[in-house]
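Novice: Have a peek at run_10.cif (mmCIF, C-alpha atoms and all ligand atoms).
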```
data_entry
#
loop_
_atom_site.label_atom_id
_atom_site.label_comp_id
_atom_site.auth_asym_id
_atom_site.auth_seq_id
_atom_site.Cartn_x
_atom_site.Cartn_y
_atom_site.Cartn_z
CA GLU A 13 44.80 43.32 7.22
CA LYS A 14 41.07 42.61 7.14
CA GLY A 15 40.61 45.94 8.91
CA GLY A 16 38.44 44.50 11.68
CA TYR A 17 36.14 42.58 9.34
CA ALA A 18 35.69 38.82 9.60
CA THR A 19 36.50 38.21 5.93
CA PHE A 20 38.18 39.97 3.02
CA MET A 21 34.93 39.89 1.12
CA GLU A 22 33.10 41.79 3.83
CA LYS A 23 35.91 44.34 4.01
CA GLU A 24 35.85 44.74 0.26
CA ILE A 25 32.08 45.26 0.21
CA PHE A 26 32.50 48.03 2.78
CA ASP A 27 35.37 49.51 0.71
CA GLN A 28 33.01 50.16 -2.17
CA PRO A 29 32.34 53.86 -1.60
CA HIS A 30 36.10 54.36 -1.94
CA ALA A 31 36.43 52.07 -4.93
CA VAL A 32 33.91 54.20 -6.81
CA GLY A 33 35.14 57.54 -5.44
CA ASP A 34 38.78 56.78 -6.20
CA THR A 35 37.95 55.59 -9.70
CA LEU A 36 36.29 58.96 -10.35
CA LEU A 37 39.12 60.91 -8.80
CA GLY A 38 41.19 63.12 -11.10
CA ARG A 39 39.09 62.37 -14.13
CA THR A 40 37.38 65.76 -14.33
CA ASP A 41 38.76 69.30 -14.41
CA GLU A 42 37.52 72.30 -12.38
CA SER A 43 34.77 72.95 -14.90
CA GLY A 44 33.48 69.39 -14.49
CA ALA A 45 34.67 68.30 -17.95
CA LEU A 46 36.12 64.81 -18.26
CA VAL A 47 39.86 64.60 -18.85
CA LEU A 48 41.31 61.27 -19.91
CA ASP A 49 44.80 62.28 -21.07
CA GLU A 50 46.02 59.05 -19.51
CA LEU A 51 44.51 57.14 -22.43
CA ARG A 52 47.02 58.71 -24.81
CA ILE A 53 44.69 58.05 -27.71
CA SER A 54 43.97 61.09 -29.87
CA GLU A 55 40.47 62.53 -29.96
CA GLU A 56 40.60 61.97 -33.69
CA GLN A 57 41.24 58.26 -33.28
CA LEU A 58 38.42 57.95 -30.76
CA GLY A 59 36.15 60.04 -32.97
CA ASN A 60 36.71 57.49 -35.71
CA VAL A 61 35.20 54.65 -33.66
CA ASP A 62 31.88 53.41 -35.02
CA ARG A 63 31.40 50.33 -32.87
CA ILE A 64 32.48 49.15 -29.44
CA THR A 65 32.94 45.54 -28.38
CA VAL A 66 33.43 44.71 -24.73
CA VAL A 67 35.27 41.47 -23.93
CA ALA A 68 35.44 40.06 -20.40
CA CYS A 69 34.51 37.04 -18.28
CA GLY A 70 32.32 36.44 -15.25
CA THR A 71 31.54 39.45 -13.12
CA ALA A 72 33.62 41.71 -15.37
CA ALA A 73 31.36 40.74 -18.28
CA TYR A 74 28.33 41.83 -16.25
CA ALA A 75 30.02 45.19 -15.75
CA GLY A 76 30.34 45.25 -19.54
CA MET A 77 26.62 44.58 -19.94
CA VAL A 78 25.77 47.48 -17.66
CA ALA A 79 28.17 49.61 -19.71
CA LYS A 80 26.40 48.66 -22.93
CA TYR A 81 23.09 50.19 -21.84
CA ALA A 82 24.79 53.33 -20.57
CA ILE A 83 27.29 53.94 -23.38
CA GLU A 84 24.74 53.34 -26.13
CA HIS A 85 22.33 55.74 -24.48
CA TRP A 86 24.93 58.46 -23.92
CA THR A 87 26.83 58.20 -27.22
CA ARG A 88 24.55 56.38 -29.70
CA ILE A 89 27.57 54.23 -30.62
CA PRO A 90 26.59 50.54 -30.91
CA VAL A 91 28.11 48.43 -28.13
CA GLU A 92 28.18 44.66 -27.95
CA VAL A 93 29.40 42.53 -25.10
CA THR A 94 30.99 39.18 -25.82
CA LEU A 95 32.40 36.72 -23.31
CA ALA A 96 36.12 36.78 -24.05
CA HIS A 97 36.36 33.03 -24.65
CA GLU A 98 33.49 33.20 -27.14
CA PHE A 99 34.93 36.24 -28.90
CA ARG A 100 38.27 34.70 -29.72
CA TYR A 101 36.92 31.76 -31.71
CA SER A 102 33.80 33.22 -33.28
CA ASP A 103 35.21 35.11 -36.27
CA PRO A 104 34.22 38.47 -34.71
CA ILE A 105 33.38 41.47 -36.85
CA VAL A 106 36.02 43.87 -35.65
CA ASN A 107 38.18 46.23 -37.72
CA GLU A 108 40.16 49.51 -37.69
CA ARG A 109 37.08 51.47 -36.72
CA SER A 110 36.28 49.24 -33.76
CA LEU A 111 37.10 49.96 -30.16
CA VAL A 112 37.55 46.80 -28.14
CA VAL A 113 37.27 47.42 -24.40
CA SER A 114 38.48 44.60 -22.20
CA ILE A 115 37.51 44.52 -18.54
CA SER A 116 39.57 42.56 -16.04
CA GLN A 117 40.25 43.01 -12.35
CA SER A 118 43.42 40.93 -12.37
CA GLY A 119 44.66 41.81 -15.83
CA GLU A 120 45.80 38.19 -16.10
CA THR A 121 42.69 36.32 -17.24
CA MET A 122 43.92 34.22 -20.14
CA ASP A 123 40.60 34.17 -22.01
CA THR A 124 40.44 37.96 -21.94
CA LEU A 125 44.09 38.33 -22.89
CA MET A 126 43.63 36.10 -25.94
CA ALA A 127 40.61 38.15 -26.99
CA VAL A 128 42.59 41.39 -26.74
CA LYS A 129 45.45 39.99 -28.78
CA HIS A 130 43.03 38.80 -31.42
CA ALA A 131 41.31 42.19 -31.55
CA ARG A 132 44.65 43.89 -32.15
CA GLU A 133 45.48 41.47 -34.94
CA LEU A 134 42.21 42.52 -36.54
CA GLY A 135 43.29 46.17 -36.37
CA ALA A 136 41.00 47.34 -33.56
CA LEU A 137 41.89 49.99 -31.03
CA THR A 138 42.07 48.29 -27.62
CA ILE A 139 41.47 49.80 -24.19
CA SER A 140 41.90 47.79 -21.03
CA VAL A 141 39.79 48.58 -17.96
CA CYS A 142 41.93 47.00 -15.27
CA ASN A 143 42.55 47.08 -11.53
CA THR A 144 46.10 45.75 -11.43
CA HIS A 145 49.05 47.95 -12.38
CA GLY A 146 51.73 46.27 -14.42
CA SER A 147 49.57 43.26 -15.30
CA THR A 148 49.58 41.60 -18.71
CA ILE A 149 46.33 42.76 -20.33
CA PRO A 150 47.08 46.50 -20.00
CA ARG A 151 50.56 45.84 -21.40
CA GLU A 152 49.06 44.12 -24.42
CA SER A 153 46.52 46.91 -25.04
CA ASP A 154 46.81 50.27 -26.79
CA ALA A 155 45.61 52.09 -23.70
CA VAL A 156 44.49 51.51 -20.14
CA LEU A 157 41.89 53.05 -17.91
CA TYR A 158 42.70 51.88 -14.42
CA THR A 159 40.04 51.19 -11.83
CA HIS A 160 41.17 52.29 -8.39
CA ALA A 161 39.48 49.68 -6.23
CA GLY A 162 42.70 48.73 -4.45
CA PRO A 163 43.80 45.09 -4.17
CA GLU A 164 40.90 42.64 -4.21
CA ILE A 165 41.74 39.51 -2.23
CA ALA A 166 38.45 37.60 -1.92
CA VAL A 167 37.82 35.31 -4.87
CA ALA A 168 34.35 36.74 -5.37
CA SER A 169 34.60 40.10 -7.05
CA THR A 170 32.75 42.97 -5.35
CA LYS A 171 34.51 46.32 -5.17
CA ALA A 172 36.31 45.69 -8.46
CA PHE A 173 32.89 45.24 -10.08
CA LEU A 174 31.66 48.63 -8.90
CA ALA A 175 34.92 50.22 -9.99
CA GLN A 176 34.65 48.57 -13.43
CA ILE A 177 31.15 49.92 -13.92
CA THR A 178 32.36 53.35 -12.82
CA ALA A 179 35.33 53.32 -15.22
CA CYS A 180 33.05 52.27 -18.08
CA TYR A 181 30.68 55.13 -17.25
CA VAL A 182 33.65 57.52 -17.31
CA LEU A 183 34.72 56.18 -20.69
CA GLY A 184 31.19 56.43 -22.09
CA LEU A 185 30.71 59.94 -20.79
CA TYR A 186 34.08 60.95 -22.23
CA LEU A 187 33.06 59.64 -25.65
CA ALA A 188 29.77 61.55 -25.29
CA GLN A 189 31.71 64.69 -24.44
CA LEU A 190 33.81 64.24 -27.59
CA ARG A 191 30.62 64.13 -29.62
CA GLY A 192 29.83 67.63 -28.32
CA GLY A 193 26.50 69.48 -28.32
CA THR A 194 23.71 68.02 -26.22
CA PHE A 195 25.70 64.78 -25.83
CA ALA A 196 28.36 66.76 -23.96
CA ASP A 197 25.83 68.70 -21.86
CA ASP A 198 24.09 65.51 -20.81
CA ALA A 199 27.44 63.90 -19.97
CA GLN A 200 28.28 66.73 -17.59
CA ALA A 201 24.97 66.36 -15.80
CA VAL A 202 25.43 62.59 -15.37
CA MET A 203 28.98 63.09 -14.15
CA LYS A 204 27.71 65.40 -11.44
CA GLU A 205 25.27 62.76 -10.29
CA LEU A 206 27.91 60.07 -10.43
CA HIS A 207 30.00 62.04 -7.95
CA GLU A 208 27.15 61.74 -5.46
CA VAL A 209 27.04 57.95 -5.66
CA PRO A 210 29.85 57.04 -3.21
CA ALA A 211 28.01 58.76 -0.35
CA LYS A 212 24.85 56.90 -1.32
CA ILE A 213 26.66 53.54 -1.24
CA GLU A 214 27.95 54.45 2.21
CA GLU A 215 24.43 55.25 3.38
CA LEU A 216 23.13 51.99 1.88
CA LEU A 217 25.82 49.92 3.60
CA GLY A 218 24.54 51.24 6.90
CA THR A 219 21.15 49.61 6.32
CA MET A 220 22.07 46.00 5.57
CA ASP A 221 20.98 44.36 8.86
CA ARG A 222 17.72 43.07 7.46
CA VAL A 223 19.50 41.56 4.44
CA GLN A 224 21.80 39.72 6.81
CA GLU A 225 18.77 38.39 8.71
CA ILE A 226 17.03 37.25 5.54
CA ALA A 227 20.20 35.38 4.54
CA ARG A 228 20.53 33.75 7.93
CA PHE A 229 17.03 32.28 7.69
CA MET A 230 17.69 30.93 4.21
CA ALA A 231 20.61 28.60 4.93
CA ASP A 232 18.58 25.58 3.75
CA THR A 233 17.38 27.12 0.51
CA ARG A 234 18.09 25.01 -2.57
CA SER A 235 17.34 27.46 -5.35
CA VAL A 236 16.98 31.23 -5.77
CA LEU A 237 15.96 33.28 -8.80
CA PHE A 238 16.89 36.86 -9.63
CA LEU A 239 14.97 39.12 -11.99
CA GLY A 240 15.96 42.46 -13.45
CA ARG A 241 15.39 44.55 -16.49
CA ASN A 242 17.59 46.91 -18.52
CA VAL A 243 20.66 47.67 -16.34
CA GLY A 244 18.99 45.57 -13.65
CA PHE A 245 19.31 42.47 -15.84
CA PRO A 246 23.10 42.08 -15.52
CA ILE A 247 22.69 42.89 -11.82
CA ALA A 248 20.26 39.96 -11.51
CA MET A 249 22.85 37.71 -13.15
CA GLU A 250 25.58 39.04 -10.88
CA GLY A 251 23.40 38.35 -7.82
CA ALA A 252 22.96 34.77 -9.04
CA LEU A 253 26.67 34.33 -9.76
CA LYS A 254 27.62 35.53 -6.26
CA LEU A 255 25.24 32.99 -4.76
CA LYS A 256 26.56 30.10 -6.88
CA GLU A 257 30.16 30.94 -6.10
CA LEU A 258 29.78 31.55 -2.40
CA ALA A 259 26.84 29.50 -1.15
CA TYR A 260 26.87 26.68 -3.76
CA ILE A 261 23.18 27.20 -4.33
CA HIS A 262 21.46 26.86 -7.64
CA ALA A 263 20.71 30.42 -8.73
CA GLU A 264 19.69 31.99 -11.99
CA GLY A 265 19.30 35.54 -13.17
CA PHE A 266 16.70 36.39 -15.80
CA ALA A 267 15.55 39.42 -17.73
CA ALA A 268 12.16 40.10 -16.14
CA GLY A 269 10.52 40.42 -19.54
CA GLU A 270 11.56 36.85 -20.30
CA LEU A 271 9.49 35.39 -17.46
CA LYS A 272 6.42 34.52 -19.47
CA HIS A 273 8.60 33.04 -22.22
CA GLY A 274 9.58 30.15 -19.98
CA PRO A 275 11.06 30.78 -16.53
CA ILE A 276 7.68 31.48 -14.90
CA ALA A 277 7.13 27.72 -15.04
CA LEU A 278 9.79 27.42 -12.33
CA ILE A 279 7.79 29.46 -9.85
CA GLU A 280 6.36 27.38 -7.03
CA PRO A 281 5.17 28.19 -3.54
CA GLY A 282 7.96 29.40 -1.29
CA LEU A 283 10.59 29.86 -4.03
CA PRO A 284 12.66 32.94 -3.15
CA VAL A 285 12.85 35.43 -6.01
CA PHE A 286 14.87 38.64 -5.83
CA VAL A 287 13.57 41.39 -8.07
CA VAL A 288 15.70 44.41 -8.96
CA VAL A 289 13.13 47.11 -9.64
CA PRO A 290 13.97 50.02 -11.97
CA GLY A 291 13.37 53.43 -10.40
CA PRO A 292 9.91 54.94 -10.93
CA ASP A 293 11.51 57.55 -13.23
CA SER A 294 12.83 54.89 -15.63
CA PRO A 295 11.82 55.40 -19.25
CA HIS A 296 9.28 53.29 -21.15
CA ASP A 297 7.21 52.39 -18.10
CA LEU A 298 9.83 49.83 -17.08
CA HIS A 299 9.02 50.35 -13.43
CA LYS A 300 5.36 49.51 -13.93
CA LYS A 301 6.24 46.49 -16.04
CA VAL A 302 8.52 45.03 -13.38
CA VAL A 303 5.99 45.73 -10.63
CA SER A 304 3.47 43.66 -12.57
CA ASN A 305 6.07 40.87 -12.87
CA ILE A 306 6.33 40.86 -9.09
CA GLN A 307 2.57 40.60 -8.88
CA GLU A 308 2.56 37.65 -11.30
CA ILE A 309 5.15 35.62 -9.43
CA ARG A 310 3.65 36.47 -6.05
CA ALA A 311 0.29 35.19 -7.27
CA ARG A 312 2.04 31.85 -7.94
CA GLY A 313 3.40 31.67 -4.42
CA ALA A 314 6.95 32.98 -4.86
CA ARG A 315 8.55 34.66 -1.88
CA THR A 316 9.38 38.07 -3.33
CA ILE A 317 12.40 39.96 -2.08
CA VAL A 318 12.30 43.30 -3.80
CA ILE A 319 15.09 45.80 -4.23
CA ALA A 320 13.45 49.16 -4.77
CA GLN A 321 14.27 52.83 -4.50
CA GLU A 322 13.42 54.81 -1.43
CA GLY A 323 9.94 56.25 -1.82
CA ASP A 324 8.76 53.60 -4.28
CA GLU A 325 5.49 52.53 -2.64
CA ASP A 326 4.11 50.67 -5.66
CA VAL A 327 6.11 47.54 -4.82
CA VAL A 328 4.87 47.25 -1.24
CA PRO A 329 1.62 45.30 -1.79
CA PHE A 330 3.46 42.51 -3.67
CA ALA A 331 6.68 42.26 -1.70
CA ASP A 332 7.42 39.87 1.14
CA GLU A 333 10.53 41.91 1.81
CA VAL A 334 11.51 45.34 0.53
CA ILE A 335 15.16 46.32 0.52
CA ARG A 336 15.57 50.03 -0.06
CA VAL A 337 18.32 51.72 -2.09
CA PRO A 338 18.89 55.48 -2.34
CA GLN A 339 17.55 57.31 -5.38
CA THR A 340 19.72 57.94 -8.41
CA SER A 341 19.07 58.17 -12.14
CA PRO A 342 18.16 54.91 -13.90
CA LEU A 343 21.47 54.14 -15.62
CA LEU A 344 23.48 54.64 -12.42
CA GLN A 345 21.31 52.36 -10.28
CA PRO A 346 23.51 49.24 -10.66
CA LEU A 347 26.12 50.83 -8.36
CA LEU A 348 23.51 50.63 -5.61
CA THR A 349 21.23 47.72 -6.43
CA VAL A 350 24.03 45.15 -6.52
CA VAL A 351 25.16 45.91 -2.97
CA PRO A 352 22.34 44.08 -1.12
CA LEU A 353 22.86 41.07 -3.40
CA GLN A 354 26.54 40.92 -2.47
CA VAL A 355 25.69 41.24 1.21
CA PHE A 356 23.07 38.51 0.87
CA ALA A 357 25.51 36.05 -0.73
CA LEU A 358 28.14 36.85 1.89
CA HIS A 359 25.81 36.12 4.78
CA LEU A 360 24.18 33.09 3.26
CA SER A 361 27.61 31.58 2.70
CA THR A 362 28.55 32.43 6.28
CA ALA A 363 25.29 30.94 7.59
CA LYS A 364 26.18 27.70 5.80
CA GLY A 365 29.58 27.71 7.48
CA LEU A 366 31.47 28.05 4.20
CA ASP A 367 34.75 29.78 3.44
CA VAL A 368 33.61 33.08 1.97
CA ASP A 369 37.01 34.22 0.73
CA GLN A 370 38.09 30.94 -0.82
CA PRO A 371 35.12 29.17 -2.39
CA ARG A 372 35.71 25.63 -3.58
CA ASN A 373 37.05 24.92 -7.07
CA LEU A 374 37.74 28.58 -7.86
CA ALA A 375 40.88 30.66 -8.28
CA LYS A 376 41.12 34.42 -8.00
CA SER A 377 42.50 34.73 -11.47
CA VAL A 378 42.04 32.19 -14.21
CA THR A 379 45.32 32.13 -16.09
CA VAL A 380 44.59 29.18 -18.35
CA GLU A 381 42.21 29.08 -21.30
O1 LIG B 401 40.31 39.18 -13.12
P1 LIG B 401 39.10 39.21 -14.01
O2 LIG B 401 38.24 40.42 -13.76
O3 LIG B 401 39.47 39.12 -15.47
O4 LIG B 401 38.24 37.95 -13.65
C1 LIG B 401 37.11 37.63 -14.39
C2 LIG B 401 36.29 36.55 -13.70
O5 LIG B 401 37.04 35.38 -13.57
C3 LIG B 401 35.81 36.99 -12.31
O6 LIG B 401 35.05 38.17 -12.36
C4 LIG B 401 34.98 35.89 -11.64
O7 LIG B 401 33.77 35.71 -12.32
C5 LIG B 401 34.76 36.23 -10.17
N1 LIG B 401 35.14 35.11 -9.33
C6 LIG B 401 33.36 36.65 -9.87
O8 LIG B 401 33.12 36.85 -8.52
#
```
Could you show the structure in this file as structure tokens?

Specialist:
Amino acid sequence: EKGGYATFMEKEIFDQPHAVGDTLLGRTDESGALVLDELRISEEQLGNVDRITVVACGTAAYAGMVAKYAIEHWTRIPVEVTLAHEFRYSDPIVNERSLVVSISQSGETMDTLMAVKHARELGALTISVCNTHGSTIPRESDAVLYTHAGPEIAVASTKAFLAQITACYVLGLYLAQLRGGTFADDAQAVMKELHEVPAKIEELLGTMDRVQEIARFMADTRSVLFLGRNVGFPIAMEGALKLKELAYIHAEGFAAGELKHGPIALIEPGLPVFVVVPGPDSPHDLHKKVVSNIQEIRARGARTIVIAQEGDEDVVPFADEVIRVPQTSPLLQPLLTVVPLQVFALHLSTAKGLDVDQPRNLAKSVTVE
């Protein structure tokens, strides 16, 4: 049932082109317009929404953070992301005009379920982004947008994460389409690009040998940092979470811009630092800013492992290792940049002789608060 792979996690990483492709399937018509009849929420109701709150835990919450950047940019509707367990007991500002989007692979996470129930009590419209048919959270929500990642067995979430991001993109682009005008035109263009992503993930998965090697040589590493900016920031945190869960290594993800506000003090000779670099076409000179972060940490002796787009030569002088990802537009990059981080955690865990599919102290779904 592992389809020839040594572990479920590895199989699930290699399933990712399908997880994304299948989550896109059937959600556009022949003209390329998004169709989400399955939501069974009227356009009028959705048009009434003036604020979106995403509630989720762990990796699903990082998918929500990626969604925030994308949905705000595409729709200009304010989006906030709150960890489900923090939402429930924080007197959240949510009302009849709020859309609360929960994200959960299992659909059984108690913290997320409690948040959804609370949001409904407050009068919000609730949509569940979920991978498991017939599970509790979709049943307790007004509507559900299923991710089609297929069953995820490994405790560490991989393909469900990519499918969650994809479903959130679909939702955001649908809301943009409802807004009409240039919002709708832009949404169509992004959707077209999104359809090209599964093939790019496939291509990327074919180039992971060096990542495996890097991991193998790092079995004794005690601490690893991850830096990213904009949509790369949640990806940095996801890279760190994978490493904690699977290799039991101290790992932290930071927003690259935060470096000089504290974390740069951690940099010492030999410390491995992964940097998720925004594509050179990212707005606001983000690419240049992150390249100069790499330069700063390299100057302090960090071992820089840089995830950069194909063709980005600016990173080369400051990188000890460059891991290439195919080009795509800035907001879609997370679907590619996270892949090498997953592969890295998988192989580092394997190099340490650990059980990749069943890390210690963790359960696949957390059904208690
Ligand atoms: O089933 P859910 O998506 O609600 O689970 C949420 C988190 O518990 C989950 O993503 C967890 O962080 C994973 N073990 C991460 O790999």

Novice: Which chains and residue numbers are within 6 Å of ligand LIG 401 (chain B), counting all atoms listed in the file, if I want them as a short mmCIF file (atom, residue, chain, number, x, y, z; two decimals) with C-alpha atoms, in the coordinates of the input?

Specialist:
```
data_model
loop_
_atom_site.label_atom_id
_atom_site.label_comp_id
_atom_site.auth_asym_id
_atom_site.auth_seq_id
_atom_site.Cartn_x
_atom_site.Cartn_y
_atom_site.Cartn_z
CA CYS A 69 34.51 37.04 -18.28
CA GLY A 70 32.32 36.44 -15.25
CA THR A 71 31.54 39.45 -13.12
CA ALA A 72 33.62 41.71 -15.37
CA SER A 116 39.57 42.56 -16.04
CA GLN A 117 40.25 43.01 -12.35
CA SER A 118 43.42 40.93 -12.37
CA GLY A 119 44.66 41.81 -15.83
CA THR A 121 42.69 36.32 -17.24
CA VAL A 167 37.82 35.31 -4.87
CA ALA A 168 34.35 36.74 -5.37
CA SER A 169 34.60 40.10 -7.05
CA SER A 377 42.50 34.73 -11.47
CA VAL A 378 42.04 32.19 -14.21
#
```

Novice: Counting all atoms listed in the file, find residues at most 12 Å from (18.3, 44.8, -12.9) (file frame) and give them as a PyMOL selection string.

Specialist: chain A and resi 74+77-78+81+238-252+265-269+286-291+294+298-299+302+318-320+342-350+353

Novice: So how far away is CA of Val285 (chain A) from CA of Ala96 (chain A), in Å?

Specialist: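 According to the coordinates, CA of Ala96 (chain A) and CA of Val285 (chain A) are separated by 29.5 Å.
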
Novice: Write out as JSON lines a residue-level contact list of region 135-219 of chain A versus region 109-115 of chain A with cut-off 8 Å: for each qualifying residue the closest pair of atoms and the distance in Å to one decimal, counting all atoms listed in the file, rows sorted by chain and residue number upward.

Specialist:
```
{"residue": "A:Ala136", "atom": "CA", "partner": "A:Ser110", "partner_atom": "CA", "distance": 5.1}
{"residue": "A:Leu137", "atom": "CA", "partner": "A:Leu111", "partner_atom": "CA", "distance": 4.9}
{"residue": "A:Thr138", "atom": "CA", "partner": "A:Val112", "partner_atom": "CA", "distance": 4.8}
{"residue": "A:Ile139", "atom": "CA", "partner": "A:Val113", "partner_atom": "CA", "distance": 4.8}
{"residue": "A:Ser140", "atom": "CA", "partner": "A:Ser114", "partner_atom": "CA", "distance": 4.8}
{"residue": "A:Val141", "atom": "CA", "partner": "A:Ile115", "partner_atom": "CA", "distance": 4.7}
{"residue": "A:Cys142", "atom": "CA", "partner": "A:Ile115", "partner_atom": "CA", "distance": 6.0}
{"residue": "A:Gln176", "atom": "CA", "partner": "A:Ile115", "partner_atom": "CA", "distance": 7.1}
```

Novice: Could you give me, as JSON lines, a per-residue list for region 30-52 of chain A showing, wherever an atom lies at most 12 Å from an atom of region 57-62 of chain A, the closest pair of atoms and their distance in Å to one decimal, using only C-alpha atoms and sorting by chain then residue number from low to high?

Specialist:
```
{"residue": "A:Leu48", "atom": "CA", "partner": "A:Leu58", "partner_atom": "CA", "distance": 11.7}
{"residue": "A:Leu51", "atom": "CA", "partner": "A:Leu58", "partner_atom": "CA", "distance": 10.4}
{"residue": "A:Arg52", "atom": "CA", "partner": "A:Gln57", "partner_atom": "CA", "distance": 10.3}
```

Novice: Considering all atoms listed in the file, return as a ChimeraX atom specification whatever protein or nucleic-acid residues lie within 12 Å of Val328 (chain A), sequence-local ones (same chain, fewer than 3 positions apart) excluded.

Specialist: /A:289,303-304,306-307,310,316-325,331-336

Novice: Would you write out those residues with C-alpha atoms, as a compact mmCIF listing (two decimals), keeping the file's coordinate frame?

Specialist:
```
# COMPACT_ATOMS: atom_id res chain seq x y z
CA VAL A 289 13.13 47.11 -9.64
CA VAL A 303 5.99 45.73 -10.63
CA SER A 304 3.47 43.66 -12.57
CA ILE A 306 6.33 40.86 -9.09
CA GLN A 307 2.57 40.60 -8.88
CA ARG A 310 3.65 36.47 -6.05
CA THR A 316 9.38 38.07 -3.33
CA ILE A 317 12.40 39.96 -2.08
CA VAL A 318 12.30 43.30 -3.80
CA ILE A 319 15.09 45.80 -4.23
CA ALA A 320 13.45 49.16 -4.77
CA GLN A 321 14.27 52.83 -4.50
CA GLU A 322 13.42 54.81 -1.43
CA GLY A 323 9.94 56.25 -1.82
CA ASP A 324 8.76 53.60 -4.28
CA GLU A 325 5.49 52.53 -2.64
CA ALA A 331 6.68 42.26 -1.70
CA ASP A 332 7.42 39.87 1.14
CA GLU A 333 10.53 41.91 1.81
CA VAL A 334 11.51 45.34 0.53
CA ILE A 335 15.16 46.32 0.52
CA ARG A 336 15.57 50.03 -0.06
```

Novice: I'd like to know which of A:Ile276, A:Ala375, A:Leu255, A:Ala172 is closest to Thr362 (chain A), using all atoms listed in the file.

Specialist: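 Closest to Thr362 (chain A) of all the choices is A:Leu255.
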
Novice: Any idea what the distance is between CA of Glu280 (chain A) and CA of Pro352 (chain A)?

Specialist: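 The value is 23.9 Å.
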
Novice: Around (31.5, 58.3, 5.4) in the file's own coordinates, what residues are found within 12 Å if you use all atoms listed in the file, given back as a PDB file with C-alpha atoms, in the coordinates of the input?

Specialist:
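The result, written out as point-v9.pdb:
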```
ATOM      1  CA  PHE A  26      32.500  48.030   2.780  1.00  0.00           C
ATOM      2  CA  ASP A  27      35.370  49.510   0.710  1.00  0.00           C
ATOM      3  CA  GLN A  28      33.010  50.160  -2.170  1.00  0.00           C
ATOM      4  CA  PRO A  29      32.340  53.860  -1.600  1.00  0.00           C
ATOM      5  CA  HIS A  30      36.100  54.360  -1.940  1.00  0.00           C
ATOM      6  CA  GLY A  33      35.140  57.540  -5.440  1.00  0.00           C
ATOM      7  CA  VAL A 209      27.040  57.950  -5.660  1.00  0.00           C
ATOM      8  CA  PRO A 210      29.850  57.040  -3.210  1.00  0.00           C
ATOM      9  CA  ALA A 211      28.010  58.760  -0.350  1.00  0.00           C
ATOM     10  CA  LYS A 212      24.850  56.900  -1.320  1.00  0.00           C
ATOM     11  CA  ILE A 213      26.660  53.540  -1.240  1.00  0.00           C
ATOM     12  CA  GLU A 214      27.950  54.450   2.210  1.00  0.00           C
ATOM     13  CA  GLU A 215      24.430  55.250   3.380  1.00  0.00           C
ATOM     14  CA  LEU A 216      23.130  51.990   1.880  1.00  0.00           C
ATOM     15  CA  LEU A 217      25.820  49.920   3.600  1.00  0.00           C
ATOM     16  CA  GLY A 218      24.540  51.240   6.900  1.00  0.00           C
TER      17      GLY A 218
END
```

Novice: May I ask for the distance between CA of Tyr186 (chain A) and CA of Thr40 (chain A), given in Å to one decimal place?

Specialist: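 Result for CA of Tyr186 (chain A) versus CA of Thr40 (chain A): 9.8 Å, one decimal.
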
Novice: Which residue is closest to Pro90 (chain A)? Choose from A:Ile64, A:Ala73, A:Ile226, A:Leu258 and count all atoms listed in the file.

Specialist: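 When distances to Pro90 (chain A) are compared using all atoms listed in the file, the smallest one comes from A:Ile64.
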
Novice: Select, from A:Lys80, A:Arg132, A:Arg222, A:Lys272, the residue with the minimum atom-to-atom distance to Thr94 (chain A), counting only C-alpha atoms.

Specialist: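 Looking at the shortest contact to Thr94 (chain A), the residue is A:Lys80.
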
Novice: Can you pull out every residue within 12 Å of Ala196 (chain A), counting only C-alpha atoms, but drop anything in the same chain fewer than 3 positions away, and send it as an MDAnalysis selection string?

Specialist: chainID A and resid 44:46 86:87 184:193 199:203
